[in-house]
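Heads up: the structure comes next, in structure tokens.
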Amino acid sequence: MSKRSTKRPTAISIGLQRGKLEIRQFMRQRESVVFTMLFPLILLAIFGSVFSDSIAEGVTFSQYFVAGMIASGLVNTGFQQLAIMIPMERDFGTLKRLRGTPMPASSYFIGKAILVTLSMLIQVALLLAAGVAFFGVNLPTTAEKWLLLAALLVLGSACSTVLGIAFSNVPKSGRGASAVVSPVVIVLQFFSGVFFVFTDLPQWMQQVAAVFPLKWMTQGARSVFLPDSFATREVAGNWETGKTFAIIAAWLVLGLLWAVRSFKWERD
Amino acid sequence: MNTVINVSGLRKSYGSTAAVNGVDLEIKKGEIFALLGPNGAGKTTTVEILEGFRDRDSGDVRVLDFDPATKGHAGQLWRDRLGIVLQSTLDAGDLTVYESVSHFAHYYGSPKDAREVIELVGLTEKSDALGRTLSGGQRRRLDVALGIIGNPELIFLDEPTTGFDPEARRAFWALIKKLRDEGATIILTTHYLDEAEALADRVAVINKGQIIEIATPDQLGGRANSLATITWREGDVLRSERSAHPTDFVKKLSEKFTGEIPELSVKRASLEDIYLEMIGGTHE
């Protein structure tokens with residue numbers, strides 16, 4: 001037998017290959033791509049048409065709603081997508097097969113992160129394009145706000161990804177994953193001020209929502225898309241930007257620990 | 001290094017049930033080694049410990065001079081030299097055969113050429129077909145292609161031909177022999193006795209967590225010098241006799257009858273008979 005080299009491809013180079021493969025597979029699942037990407041637009045169309053009033057001086061409900069939907073996009077493309085997809089891969093034997101190869105576990109997660117990043121960017125771009133084109137949504141005008149948006153997308157998406165990987169151990173099977181994961185997301189969306197103005201929600205709902213990252217992601221997105229004059233209408237009377245990033249970062253660390261400790265390559 | 005796998009005193013329990021209860025094994029380089037045993041005999045647990053999928057309770061295990069229970073980074077260099085073909089998987093339905101095989105090549109330090117491997121498993125015509133359009137046998141060939149793309153020194157095959165038609169099985173057996181001829185060592189678990197007989201250099205029979213015997217297929221259970229069974233009809237009764245010297249016995253019998261001995265047959269034990277006797281089962 002020929003002499004084999006002891007040089008191994010790096011975890012990063014394998015991770016990039018995984019990312020390429022994940023994207024290719026994602027693009028071929030046409031129904032789910034269309035559904036995942038268009039559903040938020042349909043919601044935007046419905047809510048934008050039903051609630052056409054202004055909620056404050058110079059702030060339409062559509063503007064408020066787009067901010068919420070962008071935050072939701074972080075949760076949908078990371079948490080929801082992975083927490084449904086990974087249990088299926090576990091059922092199909094994909095994960096066990098991978099574990100039998102020399103692929104490092106980190107490469108698998110790099111691949112997932114690439115998939116989430118791409119689908120998140122498509123989602124955000126579609127929401128912004130539709131919002132501007134049909135619902136008079138205003139884009140941020142200062143470099144500072146764009147930078148804030150970029151930081152929010154990076155941190156929020158990372159947080160959502162690790163929580164999705166961690167939560168992928170909760171559904172008992174791939175077939176049941178959607179039924180377990182989707183209600184969690186929908187309830188959080190209602191509680192976190194995606195569908196309604198957050199300060200109009202009952203106090204207890206606001207308090208529950210404040211524990212979870214989606215509330216902070218939506219608030220962060222509002223600080224990008226709404227005029228600074230609106231900050232006084234928030235619960236704290238200002239955007240709480242520092243606190244927002246701190247809480248999302250805390251969930252990122254928590255999710256990372258949870259994911260590393262609980263990840264399973266096989267169904268029990 | 002001539003010993004590829006060395007196992008001694010391997011034990012593994014689940015709760016109070018001992019799945020593997022003191023297994024010893026030595027498998028040499030270039031062998032095709034078959035592990036036979038009924039469901040729940042400890043076959044899968046043993047193999048999964050060798051593959052590094054499962055931890056053991058006690059015993060020594062060396063696979064390619066490496067302890068499969070080793071945690072961390074070192075395992076990647078070891079896995080680079082292994083090929084594992086699990087029982088049927090359903091993944092990669094949205095990828096073509098070529099995409100899957102060439103992607104897996106990226107995981108290894110010195111992989112084989114993807115096109116060559118596809119050719120070797122006989123899927124060249126299906127190179128651009130999506131995984132989900134393959135038949136059961138073709139899928140199994142893809143599983144094997146993914147298992148051998150890394151140019152493994154040791155290949156684990158778990159029930160490789162379940163669901164194959166007879167022709168496909170023979171083609172598959174030829175493939176396995178070819179891999180061995182190229183220098184790989186192969187560990188095979190199977191339910192099919194004829195498969196073990198056709199492929200394996202040595203067979204181990206495992207039952208209730210212990211290895212009952214390790215031998216070549218023709219020597220297993222004393223098969224080579226086992227008693228032959230002679231049956232014939234005398235009046236209304238079908239009689240049978242077991243004998244170490246069947247030729248003599250038939251001679252004597254032919255003196256007793258004038259002309260043909262009614263319904264005479266002389267049968268040696270098949271591998272299946274021997275195996276069933278060993279594990280205490282009966283013919284269905």
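By order in the structure tokens, chains are A, B, ...; within a chain, residues start at 1; ligands start at 1, following the order shown.
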Spatial neighbours of Arg261 (chain A), 12 Å, only C-alpha atoms, chain gap at least 3 places, as a ChimeraX atom specification:
/A:162,165-167,169,254-258,264
Would you list which chain A residues are within 12 Å of chain B using only C-alpha atoms, as a ChimeraX atom specification?
/A:1-30,85-86,88-108,264-266
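The shortest atom-to-atom distance to Phe61 (chain A), with only C-alpha atoms taken into account, belongs to A:Asn138 out of A:Ser32, A:Thr161, A:Asn138, A:Gln80.
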DSSP on the backbone, alpha helix (DSSP H) only: what residues of region 40-222 of chain B does that give? Format it as a ChimeraX atom specification.
/B:43-50,74-79,97-105,114-120,136-148,166-181,193-199
Selected residues written out, C-alpha atoms, as a PDB file, in the first residue's frame:
ATOM      1  CA  LYS B  43     -21.838  -8.136  17.380  1.00  0.00           C
ATOM      2  CA  THR B  44     -22.802  -4.493  16.885  1.00  0.00           C
ATOM      3  CA  THR B  45     -21.520  -3.415  20.287  1.00  0.00           C
ATOM      4  CA  THR B  46     -18.153  -5.065  19.616  1.00  0.00           C
ATOM      5  CA  VAL B  47     -17.814  -3.470  16.193  1.00  0.00           C
ATOM      6  CA  GLU B  48     -18.915  -0.052  17.456  1.00  0.00           C
ATOM      7  CA  ILE B  49     -16.260  -0.196  20.179  1.00  0.00           C
ATOM      8  CA  LEU B  50     -13.656  -1.015  17.512  1.00  0.00           C
ATOM      9  CA  ALA B  74      -5.475  12.296  17.856  1.00  0.00           C
ATOM     10  CA  GLY B  75      -8.522  10.384  16.669  1.00  0.00           C
ATOM     11  CA  GLN B  76      -8.593  12.332  13.411  1.00  0.00           C
ATOM     12  CA  LEU B  77      -5.243  10.935  12.249  1.00  0.00           C
ATOM     13  CA  TRP B  78      -6.508   7.472  13.134  1.00  0.00           C
ATOM     14  CA  ARG B  79      -9.842   7.926  11.366  1.00  0.00           C
ATOM     15  CA  VAL B  97     -23.036  10.655  -6.563  1.00  0.00           C
ATOM     16  CA  TYR B  98     -19.987  12.567  -7.789  1.00  0.00           C
ATOM     17  CA  GLU B  99     -20.672  15.544  -5.517  1.00  0.00           C
ATOM     18  CA  SER B 100     -20.947  13.340  -2.430  1.00  0.00           C
ATOM     19  CA  VAL B 101     -17.878  11.254  -3.174  1.00  0.00           C
ATOM     20  CA  SER B 102     -15.654  14.184  -4.168  1.00  0.00           C
ATOM     21  CA  HIS B 103     -16.812  16.128  -1.104  1.00  0.00           C
ATOM     22  CA  PHE B 104     -15.876  13.296   1.263  1.00  0.00           C
ATOM     23  CA  ALA B 105     -12.436  13.184  -0.371  1.00  0.00           C
ATOM     24  CA  ALA B 114     -13.338  10.270  -6.790  1.00  0.00           C
ATOM     25  CA  ARG B 115     -13.925   9.159 -10.400  1.00  0.00           C
ATOM     26  CA  GLU B 116     -11.857   6.012  -9.850  1.00  0.00           C
ATOM     27  CA  VAL B 117     -13.765   5.101  -6.711  1.00  0.00           C
ATOM     28  CA  ILE B 118     -17.092   5.618  -8.479  1.00  0.00           C
ATOM     29  CA  GLU B 119     -15.855   3.391 -11.274  1.00  0.00           C
ATOM     30  CA  LEU B 120     -14.697   0.776  -8.755  1.00  0.00           C
ATOM     31  CA  GLY B 136     -31.289   0.258  -2.816  1.00  0.00           C
ATOM     32  CA  GLY B 137     -28.313  -1.585  -4.252  1.00  0.00           C
ATOM     33  CA  GLN B 138     -26.920   1.543  -5.881  1.00  0.00           C
ATOM     34  CA  ARG B 139     -27.244   3.436  -2.597  1.00  0.00           C
ATOM     35  CA  ARG B 140     -25.285   0.710  -0.861  1.00  0.00           C
ATOM     36  CA  ARG B 141     -22.577   1.071  -3.485  1.00  0.00           C
ATOM     37  CA  LEU B 142     -22.512   4.800  -2.797  1.00  0.00           C
ATOM     38  CA  ASP B 143     -22.154   4.029   0.933  1.00  0.00           C
ATOM     39  CA  VAL B 144     -19.138   1.872   0.103  1.00  0.00           C
ATOM     40  CA  ALA B 145     -17.675   4.555  -2.177  1.00  0.00           C
ATOM     41  CA  LEU B 146     -17.926   7.081   0.692  1.00  0.00           C
ATOM     42  CA  GLY B 147     -16.330   4.525   3.024  1.00  0.00           C
ATOM     43  CA  ILE B 148     -13.308   3.865   0.828  1.00  0.00           C
ATOM     44  CA  PRO B 166     -28.361 -12.372  -6.126  1.00  0.00           C
ATOM     45  CA  GLU B 167     -26.555 -10.846  -9.078  1.00  0.00           C
ATOM     46  CA  ALA B 168     -25.803  -7.618  -7.253  1.00  0.00           C
ATOM     47  CA  ARG B 169     -24.501  -9.589  -4.277  1.00  0.00           C
ATOM     48  CA  ARG B 170     -22.013 -11.462  -6.426  1.00  0.00           C
ATOM     49  CA  ALA B 171     -20.804  -8.224  -8.002  1.00  0.00           C
ATOM     50  CA  PHE B 172     -20.463  -6.766  -4.519  1.00  0.00           C
ATOM     51  CA  TRP B 173     -18.457  -9.721  -3.265  1.00  0.00           C
ATOM     52  CA  ALA B 174     -16.071  -9.279  -6.190  1.00  0.00           C
ATOM     53  CA  LEU B 175     -15.645  -5.631  -5.170  1.00  0.00           C
ATOM     54  CA  ILE B 176     -14.807  -6.552  -1.566  1.00  0.00           C
ATOM     55  CA  LYS B 177     -12.224  -9.088  -2.716  1.00  0.00           C
ATOM     56  CA  LYS B 178     -10.713  -6.478  -4.986  1.00  0.00           C
ATOM     57  CA  LEU B 179     -10.336  -4.059  -2.071  1.00  0.00           C
ATOM     58  CA  ARG B 180      -8.604  -6.762  -0.076  1.00  0.00           C
ATOM     59  CA  ASP B 181      -6.311  -7.558  -2.992  1.00  0.00           C
ATOM     60  CA  LEU B 193     -23.878 -17.482   5.973  1.00  0.00           C
ATOM     61  CA  ASP B 194     -23.212 -17.886   2.250  1.00  0.00           C
ATOM     62  CA  GLU B 195     -21.723 -14.407   2.243  1.00  0.00           C
ATOM     63  CA  ALA B 196     -19.337 -15.292   5.036  1.00  0.00           C
ATOM     64  CA  GLU B 197     -18.467 -18.526   3.258  1.00  0.00           C
ATOM     65  CA  ALA B 198     -17.837 -16.804  -0.076  1.00  0.00           C
ATOM     66  CA  LEU B 199     -15.792 -13.914   1.293  1.00  0.00           C
TER      67      LEU B 199
END
Write out as a Markdown table a residue-level contact list of region 74-187 of chain A versus region 210-215 of chain A with cut-off 10 Å: for each qualifying residue the closest pair of atoms and the distance in Å to one decimal, counting only C-alpha atoms, rows sorted by chain and residue number upward.
| residue | atom | partner | partner_atom | distance |
| --- | --- | --- | --- | --- |
| A:Leu74 | CA | A:Leu214 | CA | 8.7 |
| A:Val75 | CA | A:Leu214 | CA | 7.4 |
| A:Gly156 | CA | A:Pro213 | CA | 8.4 |
| A:Cys159 | CA | A:Pro213 | CA | 8.5 |
| A:Ser160 | CA | A:Pro213 | CA | 8.7 |
| A:Val185 | CA | A:Leu214 | CA | 9.2 |
Filtering to N, CA and C atoms, could you give me those residues as a PDB file, in the first residue's frame?
ATOM      1  N   LEU A  74     -33.231  36.638  11.961  1.00  0.00           N
ATOM      2  CA  LEU A  74     -32.065  36.051  12.626  1.00  0.00           C
ATOM      3  C   LEU A  74     -32.457  34.733  13.299  1.00  0.00           C
ATOM      4  N   VAL A  75     -33.641  34.739  13.921  1.00  0.00           N
ATOM      5  CA  VAL A  75     -34.098  33.544  14.631  1.00  0.00           C
ATOM      6  C   VAL A  75     -34.510  32.444  13.645  1.00  0.00           C
ATOM      7  N   GLY A 156     -26.151  38.665  16.474  1.00  0.00           N
ATOM      8  CA  GLY A 156     -27.460  38.015  16.577  1.00  0.00           C
ATOM      9  C   GLY A 156     -27.476  36.692  15.844  1.00  0.00           C
ATOM     10  N   CYS A 159     -25.451  34.076  17.777  1.00  0.00           N
ATOM     11  CA  CYS A 159     -26.234  33.659  18.938  1.00  0.00           C
ATOM     12  C   CYS A 159     -27.324  32.672  18.515  1.00  0.00           C
ATOM     13  N   SER A 160     -28.025  33.040  17.449  1.00  0.00           N
ATOM     14  CA  SER A 160     -29.118  32.209  16.947  1.00  0.00           C
ATOM     15  C   SER A 160     -28.604  30.851  16.462  1.00  0.00           C
ATOM     16  N   VAL A 185     -40.705  29.556  18.568  1.00  0.00           N
ATOM     17  CA  VAL A 185     -40.371  30.769  17.818  1.00  0.00           C
ATOM     18  C   VAL A 185     -41.576  31.707  17.730  1.00  0.00           C
TER      19      VAL A 185
END
When you look at Thr241 (chain A) with a cut-off of 8 Å (counting only C-alpha atoms), what residues show up, excluding the ones that are within fewer than 3 positions of it in the same chain? I need them as number ranges by chain.
A: 220, 223, 244-245
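Checking A:Gly242, A:Gly136, A:Pro40, A:Pro87 one by one against Ser72 (chain A), counting only C-alpha atoms, you find the shortest gap at A:Pro40.
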Skip Ser62 (chain A) itself and residues of its chain fewer than 6 positions away, then list as a compact mmCIF listing (two decimals) with C-alpha atoms, in the first residue's frame all residues within 9 Å of it, counting only C-alpha atoms.
# COMPACT_ATOMS: atom_id res chain seq x y z
CA LEU A 44 -44.97 41.93 5.88
CA PHE A 47 -49.39 43.40 8.46
CA GLY A 48 -48.27 46.33 6.31
CA SER A 49 -51.68 46.45 4.62
CA PHE A 51 -52.06 48.35 10.02
CA SER A 52 -51.37 51.32 7.81
CA ASP A 53 -51.55 53.94 10.57
CA SER A 54 -48.62 55.73 12.08
CA GLY A 131 -40.21 47.23 2.67
CA PHE A 135 -44.38 49.99 2.27
CA GLY A 136 -42.40 53.21 2.32
CA VAL A 137 -39.83 51.91 4.77
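Minimum distance to Ser178 (chain A) across A:Trp146, A:Phe79, A:Phe198, A:Trp216 (counting only C-alpha atoms) occurs at A:Phe79.
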When you look at Gly193 (chain A) with a cut-off of 8 Å (counting only C-alpha atoms), what residues show up, excluding the ones that are within fewer than 6 positions of it in the same chain? I need them as a list in words.
Gly68, Thr199, Leu201, Lys215 and Thr218 of chain A
Would you please extract all strand (DSSP E) residues from region 88-282 of chain B, as assigned by DSSP on the backbone, and give them as a PyMOL selection string?
chain B and resi 154-158+185-189+202-207+210-215+228-234+237-243+265-267
Long-range neighbours of Thr96 (chain B) as a PyMOL selection string, 6 Å cut-off, only C-alpha atoms, 5 positions minimum in chain:
chain B and resi 128-131
For the residues in the current selection, export C-alpha atoms as a PDB file, in the first residue's frame.
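In the end it all went to selection-v1.pdb:
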ATOM      1  CA  ASP B 128     -24.592  12.728 -12.053  1.00  0.00           C
ATOM      2  CA  ALA B 129     -27.720  11.157 -10.569  1.00  0.00           C
ATOM      3  CA  LEU B 130     -29.109  12.563  -7.315  1.00  0.00           C
ATOM      4  CA  GLY B 131     -28.787  10.315  -4.270  1.00  0.00           C
TER       5      GLY B 131
END
